[in-house]
$ cat model.txt   # compact mmCIF, C-alpha atoms and all ligand atoms
# COMPACT_ATOMS: atom_id res chain seq x y z
CA LEU S 252 123.46 294.45 38.05
CA ARG S 253 125.98 297.14 38.90
CA ASN S 254 125.65 296.44 42.63
CA ILE S 255 126.45 292.76 42.05
CA LYS S 256 129.57 293.69 40.08
CA ASP S 257 130.68 296.26 42.70
CA CYS S 258 130.14 293.74 45.49
CA TRP S 259 132.14 291.04 43.64
CA TRP S 260 134.98 293.45 42.81
CA LYS S 261 135.20 294.63 46.42
CA LYS S 262 135.30 291.06 47.72
CA PHE S 263 137.67 289.48 45.21
CA VAL S 264 139.86 292.38 44.06
CA HIS S 265 139.90 295.22 46.61
CA GLN S 266 140.00 292.92 49.62
CA ARG S 267 142.50 290.48 48.08
CA PRO S 268 145.95 292.08 47.89
CA GLU S 269 147.23 289.27 45.64
CA ILE S 270 144.50 289.77 42.98
CA TYR S 271 144.97 292.44 40.31
CA GLY S 272 142.10 293.88 38.29
CA ILE S 273 142.48 294.38 34.55
CA ASP S 274 140.31 295.65 31.70
CA GLY S 275 141.13 293.96 28.40
CA ALA S 276 139.95 294.24 24.81
CA ILE S 277 136.68 292.79 23.50
CA ILE S 278 138.02 292.42 19.95
CA SER S 279 141.35 290.69 19.69
CA ASN S 280 143.66 289.26 17.10
CA PRO S 281 142.08 286.00 15.84
CA LYS S 282 145.33 284.22 16.69
CA VAL S 283 144.43 284.66 20.36
CA TRP S 284 141.43 282.40 19.80
CA GLU S 285 143.43 279.94 17.75
CA ALA S 286 146.03 279.73 20.53
CA SER S 287 143.34 279.28 23.18
CA GLY S 288 141.82 276.37 21.24
CA HIS S 289 138.44 278.10 20.87
CA VAL S 290 138.51 278.25 17.07
CA ALA S 291 138.88 274.46 16.96
CA ASN S 292 136.94 273.42 20.04
CA PHE S 293 134.42 276.03 21.18
CA ALA S 294 131.48 274.32 19.56
CA ASP S 295 127.99 273.15 20.45
CA SER S 296 126.00 270.54 18.61
CA MET S 297 122.71 271.51 16.96
CA ILE S 298 119.85 269.79 15.24
CA ASP S 299 116.82 270.98 13.26
CA CYS S 300 113.29 269.62 13.18
CA CYS S 301 112.52 268.72 9.54
CA SER S 302 108.79 269.26 10.09
CA CYS S 303 108.59 272.69 11.75
CA LYS S 304 112.20 273.90 11.24
CA ALA S 305 112.77 274.62 14.95
CA ARG S 306 116.46 274.50 15.91
CA TYR S 307 117.86 273.03 19.12
CA ARG S 308 121.09 272.39 20.97
CA VAL S 309 121.09 268.61 20.88
CA ASP S 310 122.47 268.04 24.37
CA HIS S 311 119.89 270.41 25.90
CA LEU S 312 117.06 268.76 23.95
CA ILE S 313 118.02 265.33 25.30
CA GLU S 314 118.67 266.61 28.83
CA GLU S 315 115.30 268.34 29.01
CA GLN S 316 113.39 265.21 28.01
CA THR S 317 115.41 262.57 29.88
CA GLY S 318 117.09 264.42 32.77
CA GLU S 319 120.43 262.85 31.72
CA LYS S 320 123.54 265.04 31.27
CA VAL S 321 125.02 264.45 27.80
CA GLU S 322 127.06 267.65 27.25
CA GLY S 323 130.35 266.78 25.54
CA ALA S 324 129.05 263.58 23.89
CA SER S 325 130.06 263.00 20.25
CA LEU S 326 127.66 263.74 17.36
CA ASP S 327 127.28 260.02 16.83
CA GLU S 328 126.37 259.40 20.47
CA LEU S 329 123.90 262.28 20.45
CA GLU S 330 122.15 261.02 17.32
CA LYS S 331 121.90 257.54 18.81
CA ALA S 332 120.40 259.02 22.00
CA ILE S 333 117.83 261.01 19.99
CA ALA S 334 116.58 257.78 18.42
CA ALA S 335 116.92 255.51 21.46
CA LYS S 336 115.24 257.89 23.92
CA ASN S 337 112.34 258.76 21.63
CA ILE S 338 113.13 262.46 21.68
CA ILE S 339 110.41 264.65 20.16
CA CYS S 340 110.42 268.21 18.86
CA PRO S 341 108.94 270.31 21.71
CA ALA S 342 107.44 272.74 19.17
CA CYS S 343 105.48 270.30 16.97
CA GLY S 344 105.71 266.94 18.76
CA LYS S 345 107.21 265.14 15.70
CA LYS S 346 110.30 262.90 15.68
CA ASN S 347 111.77 263.98 12.38
CA PHE S 348 115.22 265.50 12.86
CA THR S 349 118.16 266.39 10.60
CA ALA S 350 121.58 264.94 11.36
CA ALA S 351 123.31 266.60 14.33
CA ARG S 352 126.15 268.97 13.43
CA LYS S 353 128.78 271.06 15.18
CA PHE S 354 128.50 274.82 15.38
CA ASN S 355 131.30 277.10 16.60
CA THR S 356 129.93 279.56 19.14
CA LEU S 357 132.65 282.20 18.81
CA PHE S 358 131.05 285.45 17.68
CA ARG S 359 132.59 286.42 14.36
CA SER S 360 132.96 289.94 13.01
CA GLU S 361 134.92 291.69 10.30
CA LEU S 362 137.54 294.35 10.81
CA GLY S 363 138.62 296.80 8.10
CA SER S 364 137.17 299.72 6.17
CA LEU S 365 137.20 298.01 2.75
CA GLU S 366 134.03 296.26 1.62
CA GLU S 367 136.03 293.23 0.60
CA GLY S 368 139.12 291.85 2.17
CA GLY S 369 138.31 292.59 5.80
CA THR S 370 139.92 290.44 8.44
CA THR S 371 137.83 288.02 10.42
CA VAL S 372 138.00 288.80 14.12
CA TYR S 373 136.20 287.36 17.13
CA LEU S 374 134.43 289.12 19.93
CA ARG S 375 135.72 287.50 23.09
CA GLY S 376 133.90 284.30 23.99
CA GLU S 377 135.17 284.53 27.56
CA THR S 378 136.91 287.31 29.46
CA ALA S 379 139.51 284.78 30.64
CA GLN S 380 141.76 285.09 27.57
CA ASN S 381 142.61 288.73 28.38
CA MET S 382 144.17 287.54 31.62
CA PHE S 383 146.57 285.30 29.69
CA VAL S 384 147.25 287.77 26.88
CA ASP S 385 147.86 290.68 29.30
CA PHE S 386 149.71 288.43 31.76
CA ARG S 387 153.18 289.72 30.86
CA SER S 388 152.17 293.40 31.37
CA VAL S 389 150.99 292.70 34.91
CA ILE S 390 154.10 290.67 35.72
CA ASN S 391 156.37 293.40 34.42
CA SER S 392 154.53 296.07 36.41
CA PHE S 393 154.02 294.35 39.76
CA SER S 394 156.38 291.31 39.91
CA PRO S 395 153.82 289.30 41.89
CA LYS S 396 154.79 286.05 43.58
CA LEU S 397 152.72 282.86 43.32
CA PRO S 398 149.92 282.52 44.16
CA PHE S 399 148.32 285.59 42.59
CA GLY S 400 145.31 286.30 40.44
CA LEU S 401 144.15 288.51 37.61
CA ALA S 402 140.49 289.50 37.60
CA GLN S 403 138.15 291.10 35.14
CA ILE S 404 134.49 291.96 34.77
CA GLY S 405 133.27 292.46 31.24
CA LYS S 406 131.18 291.53 28.26
CA ALA S 407 131.49 288.16 26.53
CA PHE S 408 129.70 287.09 23.36
CA ARG S 409 128.55 283.68 22.16
CA ASN S 410 126.70 282.65 19.07
CA GLU S 411 124.34 280.47 21.11
CA VAL S 412 122.16 278.01 19.17
CA THR S 413 119.15 278.71 21.36
CA LEU S 414 118.45 281.54 23.76
CA GLY S 415 115.93 281.82 26.48
CA ASN S 416 114.60 281.47 29.98
CA PHE S 417 114.52 285.23 30.47
CA ILE S 418 118.19 286.31 30.83
CA PHE S 419 119.60 282.85 31.58
CA ARG S 420 121.09 282.51 28.09
CA THR S 421 121.77 285.52 25.86
CA PHE S 422 124.17 286.28 22.98
CA GLU S 423 125.79 289.08 24.94
CA PHE S 424 126.41 288.79 28.67
CA GLU S 425 128.89 289.77 31.35
CA GLN S 426 131.31 287.58 33.23
CA MET S 427 133.23 288.11 36.46
CA GLU S 428 136.35 285.96 36.18
CA ILE S 429 139.59 285.33 38.02
CA GLU S 430 142.62 283.46 36.74
CA TYR S 431 144.43 282.37 39.90
CA PHE S 432 148.05 281.44 39.12
CA ILE S 433 149.65 278.75 41.25
CA HIS S 434 152.30 276.03 41.48
CA GLU S 435 151.02 272.81 39.95
CA ARG S 436 151.62 270.92 43.22
CA ASP S 437 149.06 273.18 45.01
CA TRP S 438 146.15 272.88 42.61
CA GLU S 439 143.89 270.60 44.65
CA ALA S 440 144.19 272.66 47.83
CA VAL S 441 143.65 275.92 45.90
CA PHE S 442 140.65 274.41 44.12
CA GLU S 443 139.08 273.45 47.46
CA GLN S 444 139.73 276.92 48.91
CA TRP S 445 138.04 278.56 45.92
CA LYS S 446 135.06 276.25 46.34
CA THR S 447 134.67 277.63 49.86
CA ASP S 448 135.19 281.26 48.80
CA MET S 449 132.72 281.08 45.92
CA TRP S 450 130.04 279.39 48.01
CA GLU S 451 130.45 281.82 50.90
CA TRP S 452 130.17 284.81 48.59
CA LEU S 453 126.85 283.57 47.20
CA ILE S 454 125.55 282.94 50.72
CA SER S 455 126.67 286.47 51.73
CA LEU S 456 124.39 287.83 49.00
CA GLY S 457 121.47 286.30 50.90
CA ILE S 458 120.88 283.21 48.75
CA ASN S 459 119.20 280.23 50.42
CA SER S 460 121.82 277.44 50.45
CA ASP S 461 119.09 274.81 49.83
CA HIS S 462 118.76 276.30 46.33
CA LEU S 463 122.45 275.77 45.49
CA ARG S 464 124.57 272.69 44.87
CA TRP S 465 127.96 271.72 43.45
CA ARG S 466 128.13 269.46 40.40
CA ARG S 467 131.35 267.99 39.04
CA HIS S 468 131.77 267.65 35.25
CA SER S 469 132.20 264.16 33.89
CA GLU S 470 135.32 263.41 31.79
CA GLN S 471 133.38 263.75 28.52
CA GLU S 472 131.85 267.06 29.55
CA LEU S 473 135.17 268.76 30.44
CA SER S 474 136.16 271.71 28.22
CA HIS S 475 139.24 271.24 26.07
CA TYR S 476 141.43 273.15 28.56
CA SER S 477 140.17 271.68 31.81
CA LYS S 478 141.40 268.87 34.02
CA ARG S 479 138.62 269.37 36.56
CA THR S 480 135.52 271.56 36.49
CA GLU S 481 132.80 271.92 39.08
CA ASP S 482 129.76 274.17 38.70
CA ILE S 483 127.58 275.73 41.34
CA GLU S 484 124.06 275.17 40.15
CA TYR S 485 120.97 277.10 41.24
CA ASP S 486 117.53 275.54 41.40
CA PHE S 487 115.86 277.65 38.68
CA PRO S 488 112.06 277.43 38.29
CA PHE S 489 112.58 276.33 34.67
CA GLY S 490 114.22 272.90 34.39
CA GLY S 491 115.56 272.77 37.97
CA PHE S 492 119.26 272.91 38.88
CA ASN S 493 121.35 274.60 36.19
CA GLU S 494 124.74 276.31 35.96
CA LEU S 495 125.19 279.58 37.78
CA CYS S 496 128.99 279.75 37.99
CA GLY S 497 131.95 277.45 37.58
CA LEU S 498 135.40 276.58 38.85
CA ALA S 499 137.96 275.05 36.49
CA TYR S 500 141.52 273.83 36.83
CA ARG S 501 142.96 274.88 33.44
CA THR S 502 146.50 273.56 34.13
CA ASN S 503 149.01 275.76 32.22
CA PHE S 504 147.28 274.98 28.92
CA ASP S 505 146.54 278.63 28.07
CA LEU S 506 149.88 280.19 29.03
CA ALA S 507 151.74 277.38 27.22
CA ASN S 508 149.74 277.88 24.03
CA HIS S 509 149.98 281.67 24.09
CA SER S 510 153.74 281.36 24.61
CA LYS S 511 153.92 279.02 21.63
CA PHE S 512 151.73 281.10 19.29
CA SER S 513 153.19 284.51 20.22
CA GLY S 514 156.81 283.47 20.64
CA GLN S 515 156.85 285.32 23.98
CA ASP S 516 158.18 283.71 27.09
CA LEU S 517 155.33 283.85 29.61
CA SER S 518 157.14 282.03 32.41
CA LEU S 519 157.87 283.59 35.79
CA SER S 520 161.28 283.84 37.43
CA LEU S 521 161.10 282.13 40.81
CA ASP S 522 163.18 283.11 43.86
CA ASP S 523 165.68 280.31 43.22
CA GLY S 524 166.35 281.70 39.75
CA SER S 525 164.44 278.98 37.90
CA LYS S 526 161.74 279.66 35.30
CA TYR S 527 158.20 278.40 35.80
CA LEU S 528 155.03 278.48 33.70
CA PRO S 529 152.26 278.77 36.32
CA HIS S 530 149.15 276.62 36.43
CA VAL S 531 145.78 278.25 36.91
CA VAL S 532 142.50 277.75 38.77
CA GLU S 533 139.61 279.77 37.37
CA PRO S 534 136.51 280.86 39.30
CA THR S 535 133.98 282.27 36.83
CA PHE S 536 130.61 283.90 37.47
CA GLY S 537 127.94 285.06 35.03
CA VAL S 538 126.63 288.49 36.07
CA SER S 539 123.18 288.16 34.51
CA ARG S 540 122.67 284.63 35.88
CA THR S 541 123.60 285.95 39.34
CA LEU S 542 121.05 288.74 38.90
CA LEU S 543 118.38 286.29 37.76
CA MET S 544 119.09 284.06 40.76
CA LEU S 545 118.84 287.04 43.13
CA LEU S 546 115.49 288.14 41.71
CA LEU S 547 114.12 284.60 42.00
CA ASP S 548 115.51 283.96 45.46
CA SER S 549 114.32 287.30 46.87
CA TYR S 550 110.76 287.17 45.57
CA ARG S 551 108.20 286.99 48.38
CA GLU S 552 104.44 287.27 48.71
CA ASP S 553 102.38 287.90 51.83
CA GLU S 554 98.87 289.09 52.55
CA VAL S 555 98.03 292.63 53.66
CA ASN S 556 94.41 293.57 54.38
CA GLY S 557 93.19 290.68 52.27
CA GLU S 558 95.41 291.57 49.30
CA ILE S 559 98.56 289.86 48.05
CA ARG S 560 101.65 291.99 48.54
CA SER S 561 104.73 291.03 46.50
CA TYR S 562 108.15 292.26 47.51
CA LEU S 563 111.82 291.58 46.85
CA LYS S 564 113.65 290.65 50.04
CA LEU S 565 116.95 291.79 48.52
CA ASN S 566 120.13 292.20 50.50
CA PRO S 567 119.96 296.00 51.21
CA ASN S 568 123.34 296.50 49.59
CA LEU S 569 122.19 294.94 46.33
CA ALA S 570 118.83 296.71 46.15
CA PRO S 571 118.70 299.33 43.38
CA TYR S 572 117.77 301.92 46.05
CA GLN S 573 118.36 301.73 49.77
CA VAL S 574 115.99 304.48 50.85
CA ALA S 575 112.89 306.04 49.24
CA VAL S 576 111.79 309.49 50.39
CA PHE S 577 108.38 311.06 49.85
CA PRO S 578 106.06 313.76 51.14
CA LEU S 579 102.76 312.50 52.57
CA SER S 580 101.03 314.58 49.97
CA SER S 581 102.60 315.95 46.78
CA ASN S 582 100.36 319.01 46.53
CA LYS S 583 101.36 320.51 49.87
CA PRO S 584 104.39 322.75 49.14
CA LYS S 585 105.59 322.80 52.77
CA LEU S 586 105.67 318.97 52.91
CA VAL S 587 107.38 318.75 49.51
CA GLU S 588 109.99 321.32 50.53
CA LYS S 589 110.78 319.50 53.79
CA ALA S 590 110.86 316.10 52.02
CA GLN S 591 113.27 317.55 49.43
CA SER S 592 115.62 318.67 52.21
CA VAL S 593 115.52 315.14 53.74
CA PHE S 594 116.13 313.66 50.28
CA LYS S 595 119.19 315.89 49.77
CA LEU S 596 120.48 315.10 53.26
CA LEU S 597 120.50 311.35 52.53
CA LEU S 598 121.70 311.63 48.94
CA GLY S 599 125.38 311.83 49.81
CA SER S 600 125.35 308.74 52.03
CA PHE S 601 122.93 306.26 50.46
CA SER S 602 121.37 305.32 47.17
CA VAL S 603 118.09 307.29 47.44
CA VAL S 604 115.00 307.59 45.25
CA TRP S 605 112.26 310.23 45.27
CA ASP S 606 108.69 309.10 44.74
CA GLY S 607 105.88 311.64 44.57
CA HIS S 608 103.25 309.72 42.58
CA GLY S 609 99.98 308.29 43.91
CA ASN S 610 99.20 307.79 47.58
CA VAL S 611 101.58 306.55 50.24
CA GLY S 612 100.19 302.98 50.12
CA LYS S 613 100.92 302.74 46.38
CA ARG S 614 104.40 304.14 46.88
CA TYR S 615 105.13 301.52 49.54
CA ARG S 616 104.02 298.76 47.14
CA ARG S 617 106.15 300.14 44.31
CA GLN S 618 109.23 300.30 46.51
CA ASP S 619 108.49 296.80 47.89
CA GLU S 620 108.42 295.44 44.35
CA ILE S 621 111.89 296.77 43.54
CA GLY S 622 113.26 295.76 46.94
CA THR S 623 113.86 299.18 48.56
CA PRO S 624 114.51 298.26 52.21
CA PHE S 625 113.40 301.58 53.79
CA CYS S 626 110.83 304.28 53.02
CA VAL S 627 110.86 307.71 54.68
CA THR S 628 107.62 309.70 54.77
CA VAL S 629 107.54 313.40 55.61
CA ASP S 630 104.15 314.28 57.17
CA TYR S 631 102.52 317.09 59.15
CA GLN S 632 104.19 315.97 62.37
CA THR S 633 107.57 316.43 60.63
CA LEU S 634 106.80 320.13 60.25
CA GLU S 635 106.28 320.35 64.01
CA ASP S 636 108.97 318.13 65.55
CA SER S 637 111.33 317.28 62.65
CA THR S 638 110.75 313.51 62.91
CA VAL S 639 109.82 311.28 59.97
CA THR S 640 108.17 307.88 59.56
CA VAL S 641 110.64 305.14 58.61
CA ARG S 642 108.97 302.02 57.25
CA ASP S 643 110.66 298.62 56.92
CA ARG S 644 110.11 296.64 53.68
CA ASP S 645 110.05 293.16 55.23
CA THR S 646 108.12 293.71 58.47
CA MET S 647 106.19 296.81 57.30
CA ALA S 648 106.82 298.15 60.84
CA GLN S 649 106.94 301.94 61.13
CA GLU S 650 108.88 304.05 63.59
CA ARG S 651 109.46 307.78 64.15
CA VAL S 652 113.07 308.86 63.71
CA PRO S 653 114.41 312.43 64.08
CA VAL S 654 115.70 313.80 60.77
CA ASP S 655 119.06 314.56 62.44
CA ALA S 656 119.42 310.87 63.39
CA LEU S 657 118.57 309.42 59.94
CA ILE S 658 122.13 308.96 58.68
CA PRO S 659 123.40 307.02 61.74
CA HIS S 660 120.07 305.16 61.86
CA PHE S 661 120.44 303.81 58.30
CA SER S 662 124.23 303.39 58.54
CA SER S 663 123.73 300.92 61.37
CA LYS S 664 121.32 298.86 59.26
CA LEU S 665 123.13 299.05 55.93
CA ALA S 666 126.66 297.63 55.80
CA LEU S 667 128.22 300.17 53.47
P1 LIG B 701 126.33 276.71 29.64
O1 LIG B 701 126.72 275.26 29.88
O2 LIG B 701 125.10 277.14 30.41
O3 LIG B 701 126.29 277.10 28.19
P2 LIG B 701 129.08 277.35 29.98
O4 LIG B 701 129.54 276.17 30.77
O5 LIG B 701 129.34 277.38 28.53
O6 LIG B 701 127.50 277.61 30.26
P3 LIG B 701 131.16 279.01 30.95
O7 LIG B 701 131.94 278.96 29.71
O8 LIG B 701 131.63 278.24 32.14
O9 LIG B 701 129.63 278.66 30.66
O10 LIG B 701 130.96 280.55 31.32
C1 LIG B 701 131.04 281.05 32.66
C2 LIG B 701 129.72 281.66 33.11
O11 LIG B 701 129.22 282.60 32.16
C3 LIG B 701 128.61 280.63 33.26
O12 LIG B 701 128.68 280.00 34.53
C4 LIG B 701 127.38 281.48 33.12
O13 LIG B 701 127.02 282.09 34.36
C5 LIG B 701 127.80 282.56 32.17
N1 LIG B 701 127.29 282.32 30.82
C6 LIG B 701 127.81 281.46 29.88
N2 LIG B 701 127.10 281.51 28.74
C7 LIG B 701 126.11 282.44 28.94
C8 LIG B 701 125.07 282.96 28.12
N3 LIG B 701 124.91 282.57 26.84
N4 LIG B 701 124.23 283.88 28.66
C9 LIG B 701 124.39 284.30 29.94
N5 LIG B 701 125.36 283.86 30.75
C10 LIG B 701 126.23 282.94 30.28

$ encode --input "model.txt" --output "structure tokens"
Amino acid sequence: LRNIKDCWWKKFVHQRPEIYGIDGAIISNPKVWEASGHVANFADSMIDCCSCKARYRVDHLIEEQTGEKVEGASLDELEKAIAAKNIICPACGKKNFTAARKFNTLFRSELGSLEEGGTTVYLRGETAQNMFVDFRSVINSFSPKLPFGLAQIGKAFRNEVTLGNFIFRTFEFEQMEIEYFIHERDWEAVFEQWKTDMWEWLISLGINSDHLRWRRHSEQELSHYSKRTEDIEYDFPFGGFNELCGLAYRTNFDLANHSKFSGQDLSLSLDDGSKYLPHVVEPTFGVSRTLLMLLLDSYREDEVNGEIRSYLKLNPNLAPYQVAVFPLSSNKPKLVEKAQSVFKLLLGSFSVVWDGHGNVGKRYRRQDEIGTPFCVTVDYQTLEDSTVTVRDRDTMAQERVPVDALIPHFSSKLAL
């Protein structure tokens, strides 16, 4: 998870001089969420089964049983679809539902030390709002010229009606978001460029492009702030293609509303002296959905000596560990001592793990399962000629490498 975030930050903040990273508040003044339109519009529709009391998001229930996208349809339309399409309760098989109703997904909390009279606050439903609320601070500090972006990685919270599919949908999750501020006239070109950049980043992680596709939102599905949204969907093993990340053209809806609600002028001064309220294109990624996709896409099985071996063919830079080090035998002090010195040698340059449990075969399997690309074994020959066995996760090939050459050897294989 951390490696995904570091990789994203390096690509979209460190390597992009016009994008500034920020770290905003999780709890904010409720007016922020009124200004953003989330208090009024950030709602899903839900329905209960009268027979077994199971609760569902109506659009998902219909989509799962018909394959038709209905997100954004009115309550009336959803109820009609439930009846017309013969939708059943997946839990009990009955067709006995309550009326559909709206449910705001902002996560509510209470601020204040008194038992009564606390103020209702919201945990942020998207990290995006910090980029609009903190916009003026960045402008005052850096005076950026259009186009420029503000980026953030952080927790978001949603009172989801239903959770599930492992970590696909949770109450608490992390987002990696950029608000990219532009002139209105440029929005289509900028949107297309971000489509390329987002896609290429996912491919650079090692994802098979056959498992990804773009899907454009229909008019009825568009969020209240968006003029165009397209999602990259991944072909998940549950329910097929589903949202991984999204790209939205939010116009200047957010800055205009925050200006109005706060009374602060959020416009930029352009070179010709005129004032301009920038428009914005927003690439947004879910961290946990990216992790889930990586685990699914990297999972491999092959056969070794008649047994199934499972391994994660993870991009070496995203693997939790890059190198595992172990002594051939953990009860031979000389081997352990030498292996410890190799471990310490590599520790400063790579993400390294020590494994002294079980036999070497079991250690290889354990490292394969968590995607460690290289294993180093210190054996009796090491004590004689200071070479070690380096074993490759994917090919299982082994080679002897002098201890002195280990750092350049791995550096050439791991793009650090
Ligand atoms: P969905 O339609 O699946 O509910 P969304 O369209 O509401 O998602 P966005 O508001 O576009 O999602 O949020 C941006 C990203 O945050 C999504 O692409 C997704 O990766 C992630 N995300 C949204 N909701 C959740 C959640 N409940 N759990 C995990 N990740 C989420």

$ atom_distance --input "model.txt" --atom1 "atom CA of S:Pro281" --atom2 "atom CA of S:Leu517"
19.2 Å

$ residues_around --input "model.txt" --residues "S:Pro584" --least-positions-apart "6" --cutoff "12 Å" --atoms "only C-alpha atoms" --output "NGL selection string"
:S and (578 or 590-591 or 629-631 or 634)

$ residues_near_ligand --input "model.txt" --ligand "ligand LIG 701 (chain B)" --cutoff "7 Å" --atoms "only C-alpha atoms and all ligand atoms" --output "PyMOL selection string"
chain S and resi 377+409+411+418-426+494-497+535-540

$ residues_near_point --input "model.txt" --point "(107.7, 305.7, 53.2)" --cutoff "10 Å" --atoms "only C-alpha atoms" --output "CSV table (one decimal) with C-alpha atoms, keeping the file's coordinate frame"
chain,number,residue,atom,x,y,z
S,574,VAL,CA,116.0,304.5,50.8
S,575,ALA,CA,112.9,306.0,49.2
S,576,VAL,CA,111.8,309.5,50.4
S,577,PHE,CA,108.4,311.1,49.8
S,578,PRO,CA,106.1,313.8,51.1
S,579,LEU,CA,102.8,312.5,52.6
S,606,ASP,CA,108.7,309.1,44.7
S,611,VAL,CA,101.6,306.6,50.2
S,612,GLY,CA,100.2,303.0,50.1
S,614,ARG,CA,104.4,304.1,46.9
S,615,TYR,CA,105.1,301.5,49.5
S,616,ARG,CA,104.0,298.8,47.1
S,618,GLN,CA,109.2,300.3,46.5
S,625,PHE,CA,113.4,301.6,53.8
S,626,CYS,CA,110.8,304.3,53.0
S,627,VAL,CA,110.9,307.7,54.7
S,628,THR,CA,107.6,309.7,54.8
S,629,VAL,CA,107.5,313.4,55.6
S,639,VAL,CA,109.8,311.3,60.0
S,640,THR,CA,108.2,307.9,59.6
S,641,VAL,CA,110.6,305.1,58.6
S,642,ARG,CA,109.0,302.0,57.2
S,643,ASP,CA,110.7,298.6,56.9
S,644,ARG,CA,110.1,296.6,53.7
S,647,MET,CA,106.2,296.8,57.3
S,649,GLN,CA,106.9,301.9,61.1

$ closest_residue --input "model.txt" --among "S:Glu650, S:Glu635, S:Asp522, S:Glu330" --to "S:Leu312" --atoms "only C-alpha atoms"
S:Glu330

$ atom_distance --input "model.txt" --atom1 "atom CA of S:Ser518" --atom2 "atom CA of S:Tyr373"
26.5 Å

$ closest_residue --input "model.txt" --among "S:Tyr271, S:Tyr307, S:Tyr572, S:Phe348" --to "S:Leu598" --atoms "only C-alpha atoms"
S:Tyr572

$ atom_distance --input "model.txt" --atom1 "atom CA of S:Gly272" --atom2 "atom CA of S:Ser392"
12.8 Å

$ closest_residue --input "model.txt" --among "S:Trp452, S:Gln515, S:Asn459, S:Ile277" --to "S:Lys262" --atoms "only C-alpha atoms"
S:Trp452

$ closest_residue --input "model.txt" --among "S:Arg308, S:Lys345, S:Lys396, S:His475" --to "S:Asn292" --atoms "only C-alpha atoms"
S:His475

$ residues_around --input "model.txt" --residues "S:Val321" --least-positions-apart "2" --cutoff "12 Å" --atoms "only C-alpha atoms" --output "VMD selection string"
chain S and resid 295 to 296 308 to 319 323 to 326 328 to 333 468 to 473

$ closest_residue --input "model.txt" --among "S:Trp260, S:Tyr500, S:Phe487, S:Phe512" --to "S:Ala440" --atoms "all atoms listed in the file"
S:Tyr500

$ closest_residue --input "model.txt" --among "S:Arg501, S:Arg306, S:Lys320, S:Lys564" --to "S:Ala342" --atoms "only C-alpha atoms"
S:Arg306

$ residues_around --input "model.txt" --residues "S:Arg467" --least-positions-apart "5" --cutoff "9 Å" --atoms "only C-alpha atoms" --output "list in words"
Arg479, Thr480, Glu481, Asp482 and Ile483 of chain S

$ residues_around --input "model.txt" --residues "S:Gly376" --least-positions-apart "5" --cutoff "8 Å" --atoms "only C-alpha atoms" --output "NGL selection string"
:S and (356-358 or 407-409)
